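One structure is given here, and the rest of the page talks about it.
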There are 2 protein chains.
Amino acid sequence: MQANAKPLACLNGVRVLDLSQFEAGPSCTEALAWLGAEVVKVENPKGGDPGRSIFAEPGHDSFYFLSFNANKKSLTVDLKSAAGKQLVLDLANKADVFVENFAPGAIERLGLGWEVLSKANPRLIYAQVKGFGEGSPHQNNLAFDMIAQATGGVMSISGYPDGPPVKPGPTLGDTGTGMLLAISILGALFEQKATGKGQRIQVAMQDAMLHYIRLAFATQARKGGPLKRVGDQSISGGNPPCGIFPCKGGGPNDYVYVYTSRTNPEHWKRLLGIIGREELLSDPRYQTPQQRTEREAEIVAMIGAWTRNYDKHEAMSILGRAGIPAGSVLDTKELIEEPTFHSRGILQTVEHPEVDGYVMPAWPVRHDGAAISVKASPLLGEHTGDVLERWLGLDSGAVDRLVQEKVVSRRN
Amino acid sequence: MQANAKPLACLNGVRVLDLSQFEAGPSCTEALAWLGAEVVKVENPKGGDPGRSIFAEPGHDSFYFLSFNANKKSLTVDLKSAAGKQLVLDLANKADVFVENFAPGAIERLGLGWEVLSKANPRLIYAQVKGFGEGSPHQNNLAFDMIAQATGGVMSISGYPDGPPVKPGPTLGDTGTGMLLAISILGALFEQKATGKGQRIQVAMQDAMLHYIRLAFATQARKGGPLKRVGDQSISGGNPPCGIFPCKGGGPNDYVYVYTSRTNPEHWKRLLGIIGREELLSDPRYQTPQQRTEREAEIVAMIGAWTRNYDKHEAMSILGRAGIPAGSVLDTKELIEEPTFHSRGILQTVEHPEVDGYVMPAWPVRHDGAAISVKASPLLGEHTGDVLERWLGLDSGAVDRLVQEKVVSRRN
């Protein structure tokens, strides 16, 4: 299916030197690439970003890597050689943005710390992701997505009240952090355009999690804490109905979410009409959100008795048309099979020289009515010559010598 | 405690006209405000953004509102009056960015649709959040955070395999969407600075969820789908240990997350040393991630036998110092009581004229070593006169007349 997608030029001319790996950093630089920046991944010649091989079948880069590195370029450099390090220093002098997410202290040990790079190129925006913030008791600790979700409060408020904490399926610790870093970088780029000055930008994955659970802090201020897990409900304690209700089929995701907002009394009234309980419209026991909260079990039973008559798609359709907030619990297979995600360019099929037909979520925001077209993630070293020639003005003979000396490598 | 925080000037001079409400839109414009833009909320004189009163105690704006509207200004306009509508049209002509997240069709019915505003001000970046995308079968449906999480796949991959779907505690449907919109707006601002041209930017909450579950789509491409819920583990299927382990105390969050990455074999080796099982270092049955996956139950028991001897803070500290990715499951009360969140400016106490001592998460990214200082959310109509005078050049007499005619209102 032809997706409604085209390239975007917002950041044309912006150069990003990207030493990041796995997901938190790469998700940030991929967003910049989708906006039109030239993002050059600097990778080691022996395998590159470890994300290329994690969970990979032999013979091609992993789907994981394809997902987080679309629309980028790849240049390989041996950072252990003096000439390789000098190349990266030279590239950083030509860059607008530098991004890294190595373990604490590693970038400084490579001789590519903020003080070094910003001194040579004061307009450089130097951006870093770590697991824990400078000044945190854990500032030297390693972190991955799940460690951020554990220590950032996310897991404590996810799950059912009588069960253990849940790690939410979304990689909030990684992509959630990467998005906040992208926002700060874009702010700094806007300022750089006016002043010519760079900034140092730092985000910690644990800290970033607090941004996504602000509703929990607001609720804690009102109710006291710590907040408990609430399963399928809203952490703020919505009035019923506010949860998933079983539908026909009985499968693991055969549920429909039904919600009635306390700021719009019409939702509840419309719902009574749909489930055939109009007699309650005037019943004084159901008039306010507070009253309905007191009768929660009864209301849950009443809605469930209705939803069980329909499959989740029918239930969502009937409730949605009636102006009641409702959503079926869709699984990843149902999502990938939904035709309008493809026609709208929300899901796009990647044309990759080594991988056939990988379907991945593209940038979900539309610009002027179109999605942004996805270009396949780069092969390792695919753009080594191109970038060295354009950014540093090396001629092809000079690049050849660097290849022979094993300072860089090049895809043949 | 004095937080390490200062105002940020990245977007100084950028004017944002903000008609959004609740969380998805306001979280986006708040990020812009933190970066230094002048964000003016346009609110109805009778109560304003419904978020002001949701879950509010009488006498002051809700903590919910304070959380998502820091560093903004408030101007009240009666949009049902012709003069009020004209004022907003005039303000939109002076704005760089316009943001709204009303129900589908509402902004057009107000006469403030994209075609109208962009024709009058071609440099305007016109940004919208809806529940479902244009072209989706649900494009006219209402949505809230939980509806997006249900229909965007998030709930289907959150929870335990033998239990129902979980709604993750983070408001990913709202703030998660708002962050992606902010990135696109910032890209458009960068382009606007060069070309003087605006753009129409649209995001749907359901679509935005797919961006945060890309690891699930990558995993589905490898393993087939639909993906199942995996409780405390990684959706990609990490090798053990990868999960929460019980600690001393036995409370609902007395767990420590322990992870050993398959890309770094040292994690597993270090862990064996810490738990006193060095004899397994050379045991051929535990050498590869695949082998350890086959012995998962045994490994889980082995690690749990060690973690039960410590409270979660001790466990995290011992494991973290040894270079093993580990994180205790922290609850919202533990987080708010952690002193370094305050000293580092990750949590800041708001000085608000009607609310004492509200502690809220600030923008978690540091610029040049400091957090961005939080300024209290505006009182309803607090900046009506100020904005009309500066943006439209009205004198105070003209503003007085608008107040008398009930076109606008003003905080006394």
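Lettering and numbering for the structure tokens are positional, with chains as A, B, ... in the shown order, residues counted from 1 in each chain, and ligands counted from 1 in the shown order.
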
So which residues touch Gly59 in chain A within 8 Å, counting only C-alpha atoms, skipping near sequence neighbours fewer than 2 positions away, as a count of residues only? 3

Using only C-alpha atoms, determine which residues lie at most 12 Å from Pro353 in chain B, disregarding the query and same-chain residues fewer than 4 positions distant; provide the list as an MDAnalysis selection string. chainID B and resid 59:61 66 357:358 375:379 382

Keeping C-alpha atoms for every residue in the selection just given, could you write it to a file as an mmCIF file, in the first residue's frame?
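The new file selection_39.cif reads:
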data_model
loop_
_atom_site.group_PDB
_atom_site.id
_atom_site.type_symbol
_atom_site.label_atom_id
_atom_site.label_comp_id
_atom_site.auth_asym_id
_atom_site.auth_seq_id
_atom_site.Cartn_x
_atom_site.Cartn_y
_atom_site.Cartn_z
ATOM 1 C CA GLY B 59 -10.193 27.290 46.951
ATOM 2 C CA HIS B 60 -7.345 26.699 44.550
ATOM 3 C CA ASP B 61 -6.418 25.236 41.190
ATOM 4 C CA LEU B 66 -0.269 23.148 38.479
ATOM 5 C CA GLY B 357 4.552 23.878 49.097
ATOM 6 C CA TYR B 358 3.467 21.821 46.123
ATOM 7 C CA LYS B 375 7.289 29.223 37.794
ATOM 8 C CA ALA B 376 3.797 28.635 39.130
ATOM 9 C CA SER B 377 0.920 27.975 36.743
ATOM 10 C CA PRO B 378 -1.086 31.157 36.102
ATOM 11 C CA LEU B 379 -4.263 32.096 37.907
ATOM 12 C CA GLU B 382 -3.891 36.622 35.399
#

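Close contacts of range 206-208 of chain B, defined as residues with an atom at most 9 Å away when counting only C-alpha atoms, with chain neighbours fewer than 5 positions off set aside, comprise Phe341, Ile346, Pro361, Trp363, Pro364 and Val365 of chain A; Lys130, Gly131, Phe132, Gly133, Ala143, Ile147, Ala148, Gln149, Ala150, Thr151, Gly152, Gly153, Leu172, Gly173, Gly176, Thr177 and Leu180 of chain B.
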
Residues from the last selection, N, CA, C and O atoms, saved as an mmCIF file, in the first residue's frame:
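Output file result.cif follows:
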data_model
loop_
_atom_site.group_PDB
_atom_site.id
_atom_site.type_symbol
_atom_site.label_atom_id
_atom_site.label_comp_id
_atom_site.auth_asym_id
_atom_site.auth_seq_id
_atom_site.Cartn_x
_atom_site.Cartn_y
_atom_site.Cartn_z
ATOM 1 N N PHE A 341 -3.320 2.287 9.302
ATOM 2 C CA PHE A 341 -1.978 2.645 9.782
ATOM 3 C C PHE A 341 -0.987 2.680 8.619
ATOM 4 O O PHE A 341 -0.039 3.462 8.620
ATOM 5 N N ILE A 346 1.616 5.731 9.278
ATOM 6 C CA ILE A 346 1.983 5.521 10.689
ATOM 7 C C ILE A 346 2.854 4.277 10.796
ATOM 8 O O ILE A 346 3.816 4.232 11.557
ATOM 9 N N PRO A 361 6.865 1.239 12.962
ATOM 10 C CA PRO A 361 6.220 2.521 13.208
ATOM 11 C C PRO A 361 7.141 3.657 12.761
ATOM 12 O O PRO A 361 8.326 3.680 13.074
ATOM 13 N N TRP A 363 7.615 8.073 12.358
ATOM 14 C CA TRP A 363 7.303 9.213 13.222
ATOM 15 C C TRP A 363 5.795 9.485 13.138
ATOM 16 O O TRP A 363 5.277 9.681 12.022
ATOM 17 N N PRO A 364 5.094 9.481 14.277
ATOM 18 C CA PRO A 364 3.631 9.498 14.193
ATOM 19 C C PRO A 364 3.004 10.880 14.002
ATOM 20 O O PRO A 364 1.779 10.974 13.904
ATOM 21 N N VAL A 365 3.800 11.918 13.966
ATOM 22 C CA VAL A 365 3.239 13.266 13.809
ATOM 23 C C VAL A 365 3.233 13.625 12.325
ATOM 24 O O VAL A 365 4.229 13.419 11.619
ATOM 25 N N LYS B 130 -5.407 15.003 18.501
ATOM 26 C CA LYS B 130 -6.707 14.338 18.534
ATOM 27 C C LYS B 130 -6.501 12.931 19.085
ATOM 28 O O LYS B 130 -5.373 12.479 19.263
ATOM 29 N N GLY B 131 -7.596 12.245 19.352
ATOM 30 C CA GLY B 131 -7.476 10.880 19.845
ATOM 31 C C GLY B 131 -7.048 9.918 18.750
ATOM 32 O O GLY B 131 -6.184 9.061 18.945
ATOM 33 N N PHE B 132 -7.651 10.087 17.575
ATOM 34 C CA PHE B 132 -7.395 9.180 16.461
ATOM 35 C C PHE B 132 -7.081 10.014 15.220
ATOM 36 O O PHE B 132 -7.533 11.152 15.094
ATOM 37 N N GLY B 133 -6.324 9.440 14.303
ATOM 38 C CA GLY B 133 -5.846 10.196 13.161
ATOM 39 C C GLY B 133 -6.891 10.412 12.085
ATOM 40 O O GLY B 133 -7.839 9.629 11.966
ATOM 41 N N ALA B 143 -11.207 10.653 22.928
ATOM 42 C CA ALA B 143 -10.176 9.823 23.553
ATOM 43 C C ALA B 143 -9.627 10.512 24.785
ATOM 44 O O ALA B 143 -9.634 11.740 24.881
ATOM 45 N N ILE B 147 -7.792 5.574 26.786
ATOM 46 C CA ILE B 147 -8.309 5.069 25.505
ATOM 47 C C ILE B 147 -7.141 4.911 24.525
ATOM 48 O O ILE B 147 -7.064 3.946 23.763
ATOM 49 N N ALA B 148 -6.230 5.865 24.555
ATOM 50 C CA ALA B 148 -5.035 5.760 23.703
ATOM 51 C C ALA B 148 -4.194 4.554 24.101
ATOM 52 O O ALA B 148 -3.703 3.819 23.244
ATOM 53 N N GLN B 149 -4.030 4.334 25.392
ATOM 54 C CA GLN B 149 -3.216 3.200 25.842
ATOM 55 C C GLN B 149 -3.875 1.868 25.489
ATOM 56 O O GLN B 149 -3.193 0.879 25.234
ATOM 57 N N ALA B 150 -5.213 1.835 25.496
ATOM 58 C CA ALA B 150 -5.920 0.600 25.115
ATOM 59 C C ALA B 150 -5.774 0.340 23.620
ATOM 60 O O ALA B 150 -5.373 -0.748 23.201
ATOM 61 N N THR B 151 -6.071 1.354 22.805
ATOM 62 C CA THR B 151 -6.130 1.145 21.356
ATOM 63 C C THR B 151 -4.759 1.234 20.691
ATOM 64 O O THR B 151 -4.618 0.886 19.523
ATOM 65 N N GLY B 152 -3.760 1.697 21.405
ATOM 66 C CA GLY B 152 -2.421 1.840 20.823
ATOM 67 C C GLY B 152 -1.499 0.689 21.168
ATOM 68 O O GLY B 152 -0.292 0.783 20.939
ATOM 69 N N GLY B 153 -2.044 -0.393 21.707
ATOM 70 C CA GLY B 153 -1.239 -1.598 21.938
ATOM 71 C C GLY B 153 -0.562 -1.655 23.290
ATOM 72 O O GLY B 153 -0.070 -2.711 23.702
ATOM 73 N N LEU B 172 1.193 7.946 29.432
ATOM 74 C CA LEU B 172 1.850 7.917 28.131
ATOM 75 C C LEU B 172 0.938 8.437 27.028
ATOM 76 O O LEU B 172 1.397 9.090 26.087
ATOM 77 N N GLY B 173 -0.378 8.143 27.157
ATOM 78 C CA GLY B 173 -1.324 8.621 26.145
ATOM 79 C C GLY B 173 -1.379 10.139 26.103
ATOM 80 O O GLY B 173 -1.599 10.736 25.037
ATOM 81 N N GLY B 176 3.044 11.419 26.800
ATOM 82 C CA GLY B 176 3.805 10.759 25.735
ATOM 83 C C GLY B 176 3.491 11.349 24.370
ATOM 84 O O GLY B 176 4.380 11.536 23.532
ATOM 85 N N THR B 177 2.224 11.653 24.138
ATOM 86 C CA THR B 177 1.824 12.284 22.879
ATOM 87 C C THR B 177 2.301 13.730 22.823
ATOM 88 O O THR B 177 2.803 14.196 21.798
ATOM 89 N N LEU B 180 5.895 14.211 21.644
ATOM 90 C CA LEU B 180 6.146 14.046 20.205
ATOM 91 C C LEU B 180 5.675 15.286 19.451
ATOM 92 O O LEU B 180 6.330 15.747 18.508
#

Looking only at alpha helix (DSSP H) from DSSP on the backbone, list the matching residues of range 41-238 of chain A as a short mmCIF file (atom, residue, chain, number, x, y, z; two decimals) with C-alpha atoms, in the first residue's frame.
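Wrote it out as selection-v4.cif, contents follow:
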data_model
loop_
_atom_site.label_atom_id
_atom_site.label_comp_id
_atom_site.auth_asym_id
_atom_site.auth_seq_id
_atom_site.Cartn_x
_atom_site.Cartn_y
_atom_site.Cartn_z
CA PHE A 63 14.87 -5.42 13.59
CA TYR A 64 15.71 -3.61 16.82
CA PHE A 65 18.47 -1.70 15.05
CA LEU A 66 16.32 -0.97 12.01
CA SER A 67 13.63 0.49 14.29
CA PHE A 68 15.80 3.05 16.05
CA ALA A 82 45.16 8.18 17.55
CA ALA A 83 44.23 8.93 13.96
CA GLY A 84 40.69 7.68 14.55
CA LYS A 85 40.24 9.86 17.59
CA GLN A 86 41.55 12.85 15.63
CA LEU A 87 38.99 12.17 12.90
CA VAL A 88 36.16 12.31 15.42
CA LEU A 89 37.54 15.52 16.90
CA ASP A 90 37.63 16.99 13.40
CA LEU A 91 34.07 15.83 12.71
CA ALA A 92 32.88 17.32 16.01
CA ASN A 93 34.25 20.67 14.86
CA LYS A 94 31.96 20.47 11.85
CA ALA A 106 33.51 6.38 29.14
CA ILE A 107 33.29 9.35 26.78
CA GLU A 108 35.77 11.30 28.90
CA ARG A 109 38.17 8.34 28.87
CA TRP A 114 32.34 18.03 26.88
CA GLU A 115 35.27 20.22 27.93
CA VAL A 116 37.43 19.05 25.06
CA LEU A 117 34.83 19.26 22.32
CA SER A 118 33.16 22.50 23.39
CA LYS A 119 36.48 24.27 23.70
CA ALA A 120 37.33 23.42 20.11
CA ASP A 145 15.28 0.71 30.25
CA MET A 146 14.00 -1.54 33.04
CA ILE A 147 16.35 -0.10 35.66
CA ALA A 148 15.00 3.37 34.89
CA GLN A 149 11.42 2.13 35.09
CA ALA A 150 12.14 0.47 38.46
CA THR A 151 13.97 3.39 40.07
CA THR A 177 14.10 9.62 27.79
CA GLY A 178 15.24 10.07 24.21
CA MET A 179 12.22 12.23 23.40
CA LEU A 180 12.93 14.64 26.26
CA LEU A 181 16.54 14.93 25.14
CA ALA A 182 15.39 15.66 21.59
CA ILE A 183 13.19 18.50 22.85
CA SER A 184 16.08 20.09 24.73
CA ILE A 185 18.43 19.69 21.76
CA LEU A 186 15.88 21.32 19.46
CA GLY A 187 15.52 24.22 21.88
CA ALA A 188 19.30 24.59 21.93
CA LEU A 189 19.44 24.47 18.11
CA PHE A 190 16.93 27.30 17.93
CA GLU A 191 19.09 29.36 20.27
CA GLN A 192 22.27 28.36 18.46
CA LYS A 193 20.84 29.77 15.24
CA ALA A 194 20.46 33.16 16.90
CA THR A 195 23.56 33.29 19.10
CA MET A 205 16.85 8.02 32.55
CA GLN A 206 15.68 7.80 36.17
CA ASP A 207 14.95 11.54 36.24
CA ALA A 208 13.11 11.40 32.93
CA MET A 209 10.64 8.86 34.33
CA LEU A 210 9.31 11.42 36.82
CA HIS A 211 8.13 13.55 33.91
CA TYR A 212 5.79 10.76 32.77
CA ARG A 214 3.40 13.67 37.08
CA LEU A 215 -0.24 12.68 37.48
CA ALA A 216 0.93 10.35 40.25
CA PHE A 217 2.70 13.21 42.07
CA ALA A 218 -0.38 15.42 41.69
CA THR A 219 -2.52 12.61 43.09
CA GLN A 220 -0.11 11.98 45.94
CA ALA A 221 -0.27 15.67 46.91
CA ARG A 222 -4.03 15.30 47.28
CA LYS A 223 -4.33 11.82 48.77
#

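Distance-wise, CA of Ala5 in chain A and CA of Gly345 in chain A end up 5.8 Å apart.
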
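Rounded to one decimal, CA of Gly250 in chain A and CA of Asn309 in chain A lie 11.5 Å from each other.
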
In terms of the shortest atom-to-atom distance over only C-alpha atoms, which of A:Leu281, A:Ala326, A:Ala297, A:Leu79 is closest to chain B? A:Ala326

Give me the residues near Leu75 in chain A as a PDB file with all heavy atoms, in the first residue's frame, where near means some atom within 8 Å (using only C-alpha atoms) and where sequence neighbours in that chain fewer than 3 positions away do not count.
ATOM      1  N   VAL A  40      24.873  11.330  11.589  1.00  0.00           N
ATOM      2  CA  VAL A  40      25.937  10.388  11.255  1.00  0.00           C
ATOM      3  C   VAL A  40      26.293   9.577  12.489  1.00  0.00           C
ATOM      4  O   VAL A  40      26.796  10.114  13.483  1.00  0.00           O
ATOM      5  CB  VAL A  40      27.186  11.131  10.731  1.00  0.00           C
ATOM      6  CG1 VAL A  40      28.336  10.145  10.516  1.00  0.00           C
ATOM      7  CG2 VAL A  40      26.856  11.874   9.441  1.00  0.00           C
ATOM      8  N   LYS A  41      26.001   8.298  12.427  1.00  0.00           N
ATOM      9  CA  LYS A  41      26.406   7.393  13.506  1.00  0.00           C
ATOM     10  C   LYS A  41      27.899   7.120  13.387  1.00  0.00           C
ATOM     11  O   LYS A  41      28.382   6.767  12.309  1.00  0.00           O
ATOM     12  CB  LYS A  41      25.685   6.051  13.375  1.00  0.00           C
ATOM     13  CG  LYS A  41      24.273   6.031  13.876  1.00  0.00           C
ATOM     14  CD  LYS A  41      23.645   4.649  13.750  1.00  0.00           C
ATOM     15  CE  LYS A  41      24.021   3.726  14.890  1.00  0.00           C
ATOM     16  NZ  LYS A  41      23.252   3.979  16.129  1.00  0.00           N
ATOM     17  N   VAL A  42      28.607   7.276  14.482  1.00  0.00           N
ATOM     18  CA  VAL A  42      30.019   6.904  14.516  1.00  0.00           C
ATOM     19  C   VAL A  42      30.096   5.559  15.221  1.00  0.00           C
ATOM     20  O   VAL A  42      29.735   5.444  16.397  1.00  0.00           O
ATOM     21  CB  VAL A  42      30.852   7.961  15.265  1.00  0.00           C
ATOM     22  CG1 VAL A  42      32.296   7.497  15.402  1.00  0.00           C
ATOM     23  CG2 VAL A  42      30.775   9.300  14.531  1.00  0.00           C
ATOM     24  N   GLU A  43      30.554   4.540  14.494  1.00  0.00           N
ATOM     25  CA  GLU A  43      30.524   3.188  15.043  1.00  0.00           C
ATOM     26  C   GLU A  43      31.894   2.529  14.948  1.00  0.00           C
ATOM     27  O   GLU A  43      32.698   2.881  14.087  1.00  0.00           O
ATOM     28  CB  GLU A  43      29.505   2.331  14.280  1.00  0.00           C
ATOM     29  CG  GLU A  43      28.095   2.905  14.319  1.00  0.00           C
ATOM     30  CD  GLU A  43      27.102   2.006  13.597  1.00  0.00           C
ATOM     31  OE1 GLU A  43      26.648   1.014  14.198  1.00  0.00           O
ATOM     32  OE2 GLU A  43      26.783   2.290  12.431  1.00  0.00           O
ATOM     33  N   LEU A 380      26.567  -0.963   8.225  1.00  0.00           N
ATOM     34  CA  LEU A 380      27.746  -0.532   8.978  1.00  0.00           C
ATOM     35  C   LEU A 380      28.796   0.049   8.030  1.00  0.00           C
ATOM     36  O   LEU A 380      29.266  -0.639   7.118  1.00  0.00           O
ATOM     37  CB  LEU A 380      28.327  -1.720   9.753  1.00  0.00           C
ATOM     38  CG  LEU A 380      29.535  -1.425  10.643  1.00  0.00           C
ATOM     39  CD1 LEU A 380      29.164  -0.458  11.760  1.00  0.00           C
ATOM     40  CD2 LEU A 380      30.091  -2.725  11.240  1.00  0.00           C
ATOM     41  N   GLY A 381      29.152   1.308   8.251  1.00  0.00           N
ATOM     42  CA  GLY A 381      30.175   1.949   7.422  1.00  0.00           C
ATOM     43  C   GLY A 381      29.710   2.372   6.043  1.00  0.00           C
ATOM     44  O   GLY A 381      30.525   2.746   5.193  1.00  0.00           O
ATOM     45  N   GLU A 382      28.413   2.368   5.831  1.00  0.00           N
ATOM     46  CA  GLU A 382      27.891   2.662   4.488  1.00  0.00           C
ATOM     47  C   GLU A 382      28.269   4.057   4.006  1.00  0.00           C
ATOM     48  O   GLU A 382      28.445   4.280   2.808  1.00  0.00           O
ATOM     49  CB  GLU A 382      26.358   2.501   4.505  1.00  0.00           C
ATOM     50  CG  GLU A 382      25.697   2.693   3.149  1.00  0.00           C
ATOM     51  CD  GLU A 382      24.176   2.481   3.203  1.00  0.00           C
ATOM     52  OE1 GLU A 382      23.666   1.904   4.177  1.00  0.00           O
ATOM     53  OE2 GLU A 382      23.503   2.926   2.251  1.00  0.00           O
ATOM     54  N   HIS A 383      28.416   5.004   4.933  1.00  0.00           N
ATOM     55  CA  HIS A 383      28.634   6.388   4.513  1.00  0.00           C
ATOM     56  C   HIS A 383      29.997   6.934   4.929  1.00  0.00           C
ATOM     57  O   HIS A 383      30.190   8.150   4.978  1.00  0.00           O
ATOM     58  CB  HIS A 383      27.524   7.286   5.071  1.00  0.00           C
ATOM     59  CG  HIS A 383      26.155   6.812   4.700  1.00  0.00           C
ATOM     60  ND1 HIS A 383      25.435   5.943   5.498  1.00  0.00           N
ATOM     61  CD2 HIS A 383      25.380   7.055   3.619  1.00  0.00           C
ATOM     62  CE1 HIS A 383      24.261   5.684   4.932  1.00  0.00           C
ATOM     63  NE2 HIS A 383      24.200   6.341   3.796  1.00  0.00           N
ATOM     64  N   THR A 384      30.938   6.039   5.246  1.00  0.00           N
ATOM     65  CA  THR A 384      32.245   6.486   5.723  1.00  0.00           C
ATOM     66  C   THR A 384      32.893   7.467   4.741  1.00  0.00           C
ATOM     67  O   THR A 384      33.275   8.591   5.118  1.00  0.00           O
ATOM     68  CB  THR A 384      33.174   5.269   5.938  1.00  0.00           C
ATOM     69  OG1 THR A 384      32.599   4.439   6.954  1.00  0.00           O
ATOM     70  CG2 THR A 384      34.563   5.714   6.370  1.00  0.00           C
ATOM     71  N   GLY A 385      33.006   7.049   3.497  1.00  0.00           N
ATOM     72  CA  GLY A 385      33.656   7.906   2.504  1.00  0.00           C
ATOM     73  C   GLY A 385      32.884   9.188   2.264  1.00  0.00           C
ATOM     74  O   GLY A 385      33.449  10.287   2.283  1.00  0.00           O
ATOM     75  N   VAL A 387      30.819  10.886   4.147  1.00  0.00           N
ATOM     76  CA  VAL A 387      30.863  11.878   5.230  1.00  0.00           C
ATOM     77  C   VAL A 387      32.252  12.487   5.359  1.00  0.00           C
ATOM     78  O   VAL A 387      32.383  13.708   5.536  1.00  0.00           O
ATOM     79  CB  VAL A 387      30.402  11.250   6.564  1.00  0.00           C
ATOM     80  CG1 VAL A 387      30.592  12.222   7.721  1.00  0.00           C
ATOM     81  CG2 VAL A 387      28.929  10.818   6.460  1.00  0.00           C
ATOM     82  N   VAL A 408      39.542   3.697   9.589  1.00  0.00           N
ATOM     83  CA  VAL A 408      38.112   3.631   9.297  1.00  0.00           C
ATOM     84  C   VAL A 408      37.875   2.377   8.456  1.00  0.00           C
ATOM     85  O   VAL A 408      38.823   1.751   7.985  1.00  0.00           O
ATOM     86  CB  VAL A 408      37.614   4.872   8.510  1.00  0.00           C
ATOM     87  CG1 VAL A 408      37.946   6.155   9.252  1.00  0.00           C
ATOM     88  CG2 VAL A 408      38.210   4.898   7.102  1.00  0.00           C
ATOM     89  N   SER A 409      36.619   2.023   8.307  1.00  0.00           N
ATOM     90  CA  SER A 409      36.306   0.938   7.384  1.00  0.00           C
ATOM     91  C   SER A 409      35.167   1.391   6.504  1.00  0.00           C
ATOM     92  O   SER A 409      34.477   2.358   6.801  1.00  0.00           O
ATOM     93  CB  SER A 409      35.941  -0.343   8.125  1.00  0.00           C
ATOM     94  OG  SER A 409      34.668  -0.216   8.714  1.00  0.00           O
ATOM     95  N   ARG A 410      34.989   0.676   5.425  1.00  0.00           N
ATOM     96  CA  ARG A 410      34.045   1.116   4.427  1.00  0.00           C
ATOM     97  C   ARG A 410      33.312  -0.114   3.925  1.00  0.00           C
ATOM     98  O   ARG A 410      33.900  -1.171   3.743  1.00  0.00           O
ATOM     99  CB  ARG A 410      34.821   1.795   3.289  1.00  0.00           C
ATOM    100  CG  ARG A 410      33.988   2.580   2.340  1.00  0.00           C
ATOM    101  CD  ARG A 410      34.869   3.542   1.561  1.00  0.00           C
ATOM    102  NE  ARG A 410      36.073   2.905   0.992  1.00  0.00           N
ATOM    103  CZ  ARG A 410      37.012   3.580   0.359  1.00  0.00           C
ATOM    104  NH1 ARG A 410      36.932   4.901   0.217  1.00  0.00           N
ATOM    105  NH2 ARG A 410      38.062   2.960  -0.133  1.00  0.00           N
TER     106      ARG A 410
END

So which one's closest to chain B, A:Gly51, A:Gly249, A:Pro339, A:Pro325? Using only C-alpha atoms, please. A:Pro325

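CA of Asp174 in chain B sits 27.0 Å away from CA of Val99 in chain A.
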
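When DSSP reads the backbone of this structure, the residues of range 15-72 of chain B it assigns to strand (DSSP E or B) are Arg15, Val16, Leu17, Asp18, Glu38, Val39, Val40, Lys41, Val42 and Glu43 of chain B.
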
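The environment of Val359 in chain B within 8 Å, counting only C-alpha atoms and disregarding residues fewer than 6 places along the same chain, consists of Ile336, Leu347, Gln348, Thr349 and Val350 of chain B.
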
Exercise: Leu32 in chain B partners within 9 Å, only C-alpha atoms, chain neighbours under 2 positions left out, as a VMD selection string: (chain A and resid 183 187) or (chain B and resid 11 16 27 to 30 34 to 39 182 186)
